[in-house]
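**Q** This is the structure I want to talk about, given as structure tokens.
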Amino acid sequence: MEIVFEPSVCFPSSLNTAPSYLSLFLKLQVETVDPGRLGLGLFIICGLVISYLPQFSKIISLKSSRGISPTFLLIGAVGGAAGLANIVLLQASLVKCCFTDWSPLMCFENTLGLTQVTVQVLCFWVFLFLFILYFPRHPIDPANIEDAVESPPVEDETNTQETTQTAYIQALKLVNVIILTVLSFALITAVTLYLPPGWSVFVATVFGIFSGLSSFVLYLPQIVETVKIKAVGAVSIPTLMMMIPGNFLFALSLFLAPGANVTSYAPMIITGLLQIVLLALCLHYSKLNPVGVVAQDGVGEENERLLE
């Protein structure tokens, strides 16, 4: 059984009825790459990767992901997977054109939406991996604030240590839920590609709506966590500053992408608006709490270089 693709998506149907010499000439005209659109797409891809680098660097330098909400990562990973499934189904026909009719450059330009969403999802998964790798597995010794991030477990605080270990186990369970959900999305997407085009649009719309709904609440857990600890934590302010305009440019690029619809770019707009709220909170707490003391259960804790 072959994957079903929509007809006449590579070139206008009039090319199929034109004489061979004329058809070749018209295809060369149609294959003209739009430098502006291509440049915008490349700028967004590079911007996506660069915007995550300060966040990666901060978690690694702190050797701690304290202050980052696990629920935020759960919603982001699952919602991102749904968004990727959405754009894969909507642009599946275009991918086939890359193997049959288009030059590599034209293929890259017309599948920019798919490439951008894929890069974003991969960056978020690296974020999730670092969160688990540097998840706090022992309580911080409040008597040694200067070395809070690297301090060893406090032996006489058995209950606190058990609570921290329990939180780590819960975080691992959360990752298992994410992996199973993403694999389920991938299976549904693969099966849908073998169904008639109408099914692809329907399933893609469902994934897009799910991704959009997750965007409505994506940053809410992180906003709540930031308010709760009254500090920036491991959240990177430079990353937020770069992501906010990047999300709106991302939405514009998806709006211009062939085959995409409102369910593809609306989540980017919603995410950008919530990021503005989170950035405002981080800037607010960075002024009120310049040393980065994390308030948790009435005990002061500090993450060194929290405001980097």
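By convention here, the chains of the structure tokens are called A, B, ... in the order presented, each chain's residues are numbered starting at 1, and ligands are numbered starting at 1 in the order presented.
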Each residue of region 81-119 of chain A with at least one atom at most 7 Å from region 33-57 of chain A should appear once, together with its nearest atom pair and the corresponding distance in Å (one decimal); atoms considered: only C-alpha atoms; ordering: chain, then increasing residue number; output as a tab-separated table.
**A**
residue	atom	partner	partner_atom	distance
A:Met106	CA	A:Val33	CA	6.0
A:Glu109	CA	A:Leu38	CA	5.6
A:Leu112	CA	A:Gly41	CA	6.1
A:Gln116	CA	A:Ile45	CA	5.7
**Q** Can you tell me which residues surround region 129-131 of chain A at a distance of at most 9 Å, considering only C-alpha atoms, apart from same-chain residues fewer than 4 positions away, and format the answer as number ranges by chain?
**A** A: 56, 59-60, 64-66, 68, 70, 73, 124-125, 135
**Q** List as a PDB file with C-alpha atoms, in the first residue's frame the protein and nucleic acid residues near Gly79 (chain A), meaning an atom at most 12 Å away when only C-alpha atoms are counted, but skip any in the same chain fewer than 2 places from it.
**A**
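File produced: result15.pdb:
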ATOM      1  CA  THR A  71       4.289  20.365  34.363  1.00  0.00           C
ATOM      2  CA  PHE A  72       5.512  23.083  31.995  1.00  0.00           C
ATOM      3  CA  LEU A  73       7.864  20.576  30.352  1.00  0.00           C
ATOM      4  CA  LEU A  74       5.139  17.918  30.161  1.00  0.00           C
ATOM      5  CA  ILE A  75       2.718  20.232  28.380  1.00  0.00           C
ATOM      6  CA  GLY A  76       5.444  21.638  26.146  1.00  0.00           C
ATOM      7  CA  ALA A  77       6.796  18.265  25.042  1.00  0.00           C
ATOM      8  CA  ALA A  81       4.755  16.645  19.406  1.00  0.00           C
ATOM      9  CA  ALA A  82       1.138  17.363  18.446  1.00  0.00           C
ATOM     10  CA  GLY A  83       2.237  20.480  16.568  1.00  0.00           C
ATOM     11  CA  LEU A  84       4.861  18.463  14.692  1.00  0.00           C
ATOM     12  CA  ALA A  85       2.277  15.811  13.786  1.00  0.00           C
ATOM     13  CA  ASN A  86       0.005  18.608  12.529  1.00  0.00           C
ATOM     14  CA  VAL A 117       8.705  22.914  13.936  1.00  0.00           C
ATOM     15  CA  GLN A 120      11.843  23.637  17.860  1.00  0.00           C
ATOM     16  CA  VAL A 121      10.692  20.219  19.120  1.00  0.00           C
ATOM     17  CA  PHE A 124      12.682  21.449  23.662  1.00  0.00           C
ATOM     18  CA  TRP A 125      13.616  17.780  24.064  1.00  0.00           C
ATOM     19  CA  ILE A 178       5.852  12.041  27.582  1.00  0.00           C
ATOM     20  CA  THR A 181       2.408   9.953  24.343  1.00  0.00           C
ATOM     21  CA  VAL A 182       4.822  11.088  21.633  1.00  0.00           C
ATOM     22  CA  PHE A 185       1.220  10.509  18.185  1.00  0.00           C
ATOM     23  CA  VAL A 206      -7.241  17.552  15.727  1.00  0.00           C
ATOM     24  CA  PHE A 207      -3.510  17.610  16.472  1.00  0.00           C
ATOM     25  CA  GLY A 208      -3.416  21.344  15.743  1.00  0.00           C
ATOM     26  CA  ILE A 209      -6.318  22.058  18.097  1.00  0.00           C
ATOM     27  CA  PHE A 210      -4.639  19.970  20.815  1.00  0.00           C
ATOM     28  CA  SER A 211      -1.384  21.865  20.278  1.00  0.00           C
ATOM     29  CA  GLY A 212      -3.253  25.160  20.407  1.00  0.00           C
ATOM     30  CA  LEU A 213      -5.020  24.232  23.651  1.00  0.00           C
ATOM     31  CA  SER A 214      -1.712  23.194  25.205  1.00  0.00           C
ATOM     32  CA  SER A 215      -0.272  26.573  24.207  1.00  0.00           C
ATOM     33  CA  PHE A 216      -3.037  28.295  26.161  1.00  0.00           C
ATOM     34  CA  VAL A 217      -1.773  26.697  29.376  1.00  0.00           C
ATOM     35  CA  LEU A 218       1.876  25.931  28.472  1.00  0.00           C
ATOM     36  CA  TYR A 219       3.539  28.723  30.425  1.00  0.00           C
ATOM     37  CA  SER A 264      -0.421  25.571  12.736  1.00  0.00           C
ATOM     38  CA  PRO A 267      -0.110  28.191  19.050  1.00  0.00           C
ATOM     39  CA  MET A 268       3.010  30.260  18.339  1.00  0.00           C
ATOM     40  CA  THR A 271       2.944  31.033  23.419  1.00  0.00           C
TER      41      THR A 271
END
**Q** Let me make sure I understand: among A:Pro104, A:Gly113, A:Gly272, A:Pro197, which one has the smallest atom-to-atom distance to Met243 (chain A) if we use only C-alpha atoms?
**A**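 Closest residue, counting only C-alpha atoms: A:Gly272.
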**Q** Choose the residue, out of A:Thr118, A:Gln275, A:Gln170, A:Ser103, that has the smallest atom-to-atom separation from Leu220 (chain A); count only C-alpha atoms.
**A** A:Gln275
**Q** Let's see if you can do this: from backbone DSSP, list all alpha helix (DSSP H) residues in region 220-255 of chain A, as a PDB file with N, CA, C and O atoms, in the first residue's frame.
**A**
ATOM      1  N   LEU A 220       1.614  28.642  31.928  1.00  0.00           N
ATOM      2  CA  LEU A 220       0.947  28.896  33.210  1.00  0.00           C
ATOM      3  C   LEU A 220       1.628  28.167  34.376  1.00  0.00           C
ATOM      4  O   LEU A 220       1.851  28.775  35.433  1.00  0.00           O
ATOM      5  N   PRO A 221       1.981  26.862  34.246  1.00  0.00           N
ATOM      6  CA  PRO A 221       2.676  26.202  35.364  1.00  0.00           C
ATOM      7  C   PRO A 221       4.012  26.867  35.697  1.00  0.00           C
ATOM      8  O   PRO A 221       4.374  26.978  36.868  1.00  0.00           O
ATOM      9  N   GLN A 222       4.737  27.312  34.655  1.00  0.00           N
ATOM     10  CA  GLN A 222       6.019  27.972  34.915  1.00  0.00           C
ATOM     11  C   GLN A 222       5.816  29.330  35.562  1.00  0.00           C
ATOM     12  O   GLN A 222       6.598  29.737  36.433  1.00  0.00           O
ATOM     13  N   ILE A 223       4.761  30.027  35.154  1.00  0.00           N
ATOM     14  CA  ILE A 223       4.439  31.314  35.780  1.00  0.00           C
ATOM     15  C   ILE A 223       4.109  31.099  37.259  1.00  0.00           C
ATOM     16  O   ILE A 223       4.573  31.835  38.128  1.00  0.00           O
ATOM     17  N   VAL A 224       3.308  30.061  37.545  1.00  0.00           N
ATOM     18  CA  VAL A 224       2.948  29.747  38.937  1.00  0.00           C
ATOM     19  C   VAL A 224       4.197  29.372  39.735  1.00  0.00           C
ATOM     20  O   VAL A 224       4.377  29.796  40.884  1.00  0.00           O
ATOM     21  N   GLU A 225       5.084  28.567  39.138  1.00  0.00           N
ATOM     22  CA  GLU A 225       6.313  28.154  39.827  1.00  0.00           C
ATOM     23  C   GLU A 225       7.199  29.356  40.131  1.00  0.00           C
ATOM     24  O   GLU A 225       7.778  29.457  41.223  1.00  0.00           O
ATOM     25  N   THR A 226       7.309  30.285  39.190  1.00  0.00           N
ATOM     26  CA  THR A 226       8.131  31.473  39.398  1.00  0.00           C
ATOM     27  C   THR A 226       7.568  32.337  40.515  1.00  0.00           C
ATOM     28  O   THR A 226       8.309  32.862  41.358  1.00  0.00           O
ATOM     29  N   VAL A 227       6.239  32.483  40.548  1.00  0.00           N
ATOM     30  CA  VAL A 227       5.605  33.251  41.621  1.00  0.00           C
ATOM     31  C   VAL A 227       5.792  32.543  42.955  1.00  0.00           C
ATOM     32  O   VAL A 227       6.029  33.180  43.994  1.00  0.00           O
ATOM     33  N   LYS A 228       5.736  31.212  42.942  1.00  0.00           N
ATOM     34  CA  LYS A 228       5.847  30.429  44.178  1.00  0.00           C
ATOM     35  C   LYS A 228       7.222  30.576  44.817  1.00  0.00           C
ATOM     36  O   LYS A 228       7.336  30.799  46.032  1.00  0.00           O
ATOM     37  N   ILE A 229       8.292  30.463  44.021  1.00  0.00           N
ATOM     38  CA  ILE A 229       9.645  30.541  44.581  1.00  0.00           C
ATOM     39  C   ILE A 229      10.146  31.974  44.684  1.00  0.00           C
ATOM     40  O   ILE A 229      11.179  32.232  45.296  1.00  0.00           O
ATOM     41  N   ILE A 237      16.558  34.461  31.365  1.00  0.00           N
ATOM     42  CA  ILE A 237      15.941  35.696  30.867  1.00  0.00           C
ATOM     43  C   ILE A 237      16.350  35.975  29.423  1.00  0.00           C
ATOM     44  O   ILE A 237      15.505  36.339  28.601  1.00  0.00           O
ATOM     45  N   PRO A 238      17.647  35.844  29.054  1.00  0.00           N
ATOM     46  CA  PRO A 238      18.017  36.066  27.646  1.00  0.00           C
ATOM     47  C   PRO A 238      17.268  35.153  26.684  1.00  0.00           C
ATOM     48  O   PRO A 238      16.905  35.575  25.585  1.00  0.00           O
ATOM     49  N   THR A 239      17.041  33.892  27.088  1.00  0.00           N
ATOM     50  CA  THR A 239      16.282  32.974  26.229  1.00  0.00           C
ATOM     51  C   THR A 239      14.869  33.488  25.992  1.00  0.00           C
ATOM     52  O   THR A 239      14.368  33.482  24.864  1.00  0.00           O
ATOM     53  N   LEU A 240      14.211  33.956  27.053  1.00  0.00           N
ATOM     54  CA  LEU A 240      12.856  34.501  26.902  1.00  0.00           C
ATOM     55  C   LEU A 240      12.860  35.731  25.995  1.00  0.00           C
ATOM     56  O   LEU A 240      11.964  35.899  25.160  1.00  0.00           O
ATOM     57  N   MET A 241      13.865  36.589  26.159  1.00  0.00           N
ATOM     58  CA  MET A 241      13.939  37.812  25.350  1.00  0.00           C
ATOM     59  C   MET A 241      14.079  37.497  23.870  1.00  0.00           C
ATOM     60  O   MET A 241      13.574  38.234  23.019  1.00  0.00           O
ATOM     61  N   MET A 242      14.781  36.414  23.561  1.00  0.00           N
ATOM     62  CA  MET A 242      14.941  36.033  22.155  1.00  0.00           C
ATOM     63  C   MET A 242      13.747  35.253  21.635  1.00  0.00           C
ATOM     64  O   MET A 242      13.390  35.350  20.459  1.00  0.00           O
ATOM     65  N   MET A 243      13.120  34.470  22.512  1.00  0.00           N
ATOM     66  CA  MET A 243      12.012  33.626  22.069  1.00  0.00           C
ATOM     67  C   MET A 243      10.749  34.420  21.754  1.00  0.00           C
ATOM     68  O   MET A 243       9.984  34.031  20.874  1.00  0.00           O
ATOM     69  N   ILE A 244      10.518  35.501  22.482  1.00  0.00           N
ATOM     70  CA  ILE A 244       9.272  36.243  22.299  1.00  0.00           C
ATOM     71  C   ILE A 244       9.127  36.780  20.877  1.00  0.00           C
ATOM     72  O   ILE A 244       8.142  36.465  20.189  1.00  0.00           O
ATOM     73  N   PRO A 245      10.085  37.573  20.372  1.00  0.00           N
ATOM     74  CA  PRO A 245       9.940  38.008  18.966  1.00  0.00           C
ATOM     75  C   PRO A 245      10.058  36.841  17.999  1.00  0.00           C
ATOM     76  O   PRO A 245       9.433  36.844  16.933  1.00  0.00           O
ATOM     77  N   GLY A 246      10.864  35.827  18.389  1.00  0.00           N
ATOM     78  CA  GLY A 246      11.019  34.670  17.511  1.00  0.00           C
ATOM     79  C   GLY A 246       9.726  33.914  17.296  1.00  0.00           C
ATOM     80  O   GLY A 246       9.457  33.430  16.193  1.00  0.00           O
ATOM     81  N   ASN A 247       8.900  33.808  18.334  1.00  0.00           N
ATOM     82  CA  ASN A 247       7.623  33.105  18.194  1.00  0.00           C
ATOM     83  C   ASN A 247       6.687  33.814  17.231  1.00  0.00           C
ATOM     84  O   ASN A 247       5.973  33.174  16.458  1.00  0.00           O
ATOM     85  N   PHE A 248       6.684  35.150  17.277  1.00  0.00           N
ATOM     86  CA  PHE A 248       5.802  35.888  16.369  1.00  0.00           C
ATOM     87  C   PHE A 248       6.306  35.800  14.923  1.00  0.00           C
ATOM     88  O   PHE A 248       5.511  35.702  13.984  1.00  0.00           O
ATOM     89  N   LEU A 249       7.632  35.806  14.734  1.00  0.00           N
ATOM     90  CA  LEU A 249       8.183  35.602  13.394  1.00  0.00           C
ATOM     91  C   LEU A 249       7.910  34.172  12.928  1.00  0.00           C
ATOM     92  O   LEU A 249       7.619  33.938  11.755  1.00  0.00           O
ATOM     93  N   PHE A 250       7.993  33.228  13.857  1.00  0.00           N
ATOM     94  CA  PHE A 250       7.695  31.826  13.559  1.00  0.00           C
ATOM     95  C   PHE A 250       6.253  31.694  13.071  1.00  0.00           C
ATOM     96  O   PHE A 250       5.962  30.995  12.089  1.00  0.00           O
ATOM     97  N   ALA A 251       5.336  32.373  13.767  1.00  0.00           N
ATOM     98  CA  ALA A 251       3.919  32.327  13.386  1.00  0.00           C
ATOM     99  C   ALA A 251       3.723  32.904  11.987  1.00  0.00           C
ATOM    100  O   ALA A 251       2.951  32.369  11.174  1.00  0.00           O
ATOM    101  N   LEU A 252       4.443  34.003  11.688  1.00  0.00           N
ATOM    102  CA  LEU A 252       4.354  34.609  10.361  1.00  0.00           C
ATOM    103  C   LEU A 252       4.865  33.658   9.294  1.00  0.00           C
ATOM    104  O   LEU A 252       4.256  33.519   8.218  1.00  0.00           O
ATOM    105  N   SER A 253       5.970  32.981   9.582  1.00  0.00           N
ATOM    106  CA  SER A 253       6.537  32.042   8.618  1.00  0.00           C
ATOM    107  C   SER A 253       5.587  30.877   8.352  1.00  0.00           C
ATOM    108  O   SER A 253       5.414  30.460   7.206  1.00  0.00           O
ATOM    109  N   LEU A 254       4.957  30.353   9.418  1.00  0.00           N
ATOM    110  CA  LEU A 254       3.995  29.264   9.233  1.00  0.00           C
ATOM    111  C   LEU A 254       2.750  29.740   8.485  1.00  0.00           C
ATOM    112  O   LEU A 254       2.146  28.994   7.712  1.00  0.00           O
ATOM    113  N   PHE A 255       2.373  30.997   8.716  1.00  0.00           N
ATOM    114  CA  PHE A 255       1.230  31.578   8.002  1.00  0.00           C
ATOM    115  C   PHE A 255       1.497  31.600   6.498  1.00  0.00           C
ATOM    116  O   PHE A 255       0.585  31.394   5.686  1.00  0.00           O
TER     117      PHE A 255
END
**Q** What is the distance between CA of Val175 (chain A) and CA of Leu187 (chain A), in Å to one decimal?
**A**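 A separation of 18.4 Å between them.
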**Q** Just how far from CA of Pro196 (chain A) is CA of Gly80 (chain A), in Å to one decimal?
**A** 24.9 Å
**Q** So how many Å separate CA of Ile169 (chain A) and CA of Lys58 (chain A), to one decimal?
**A**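 About the pair CA of Ile169 (chain A) and CA of Lys58 (chain A): they are 23.2 Å apart.
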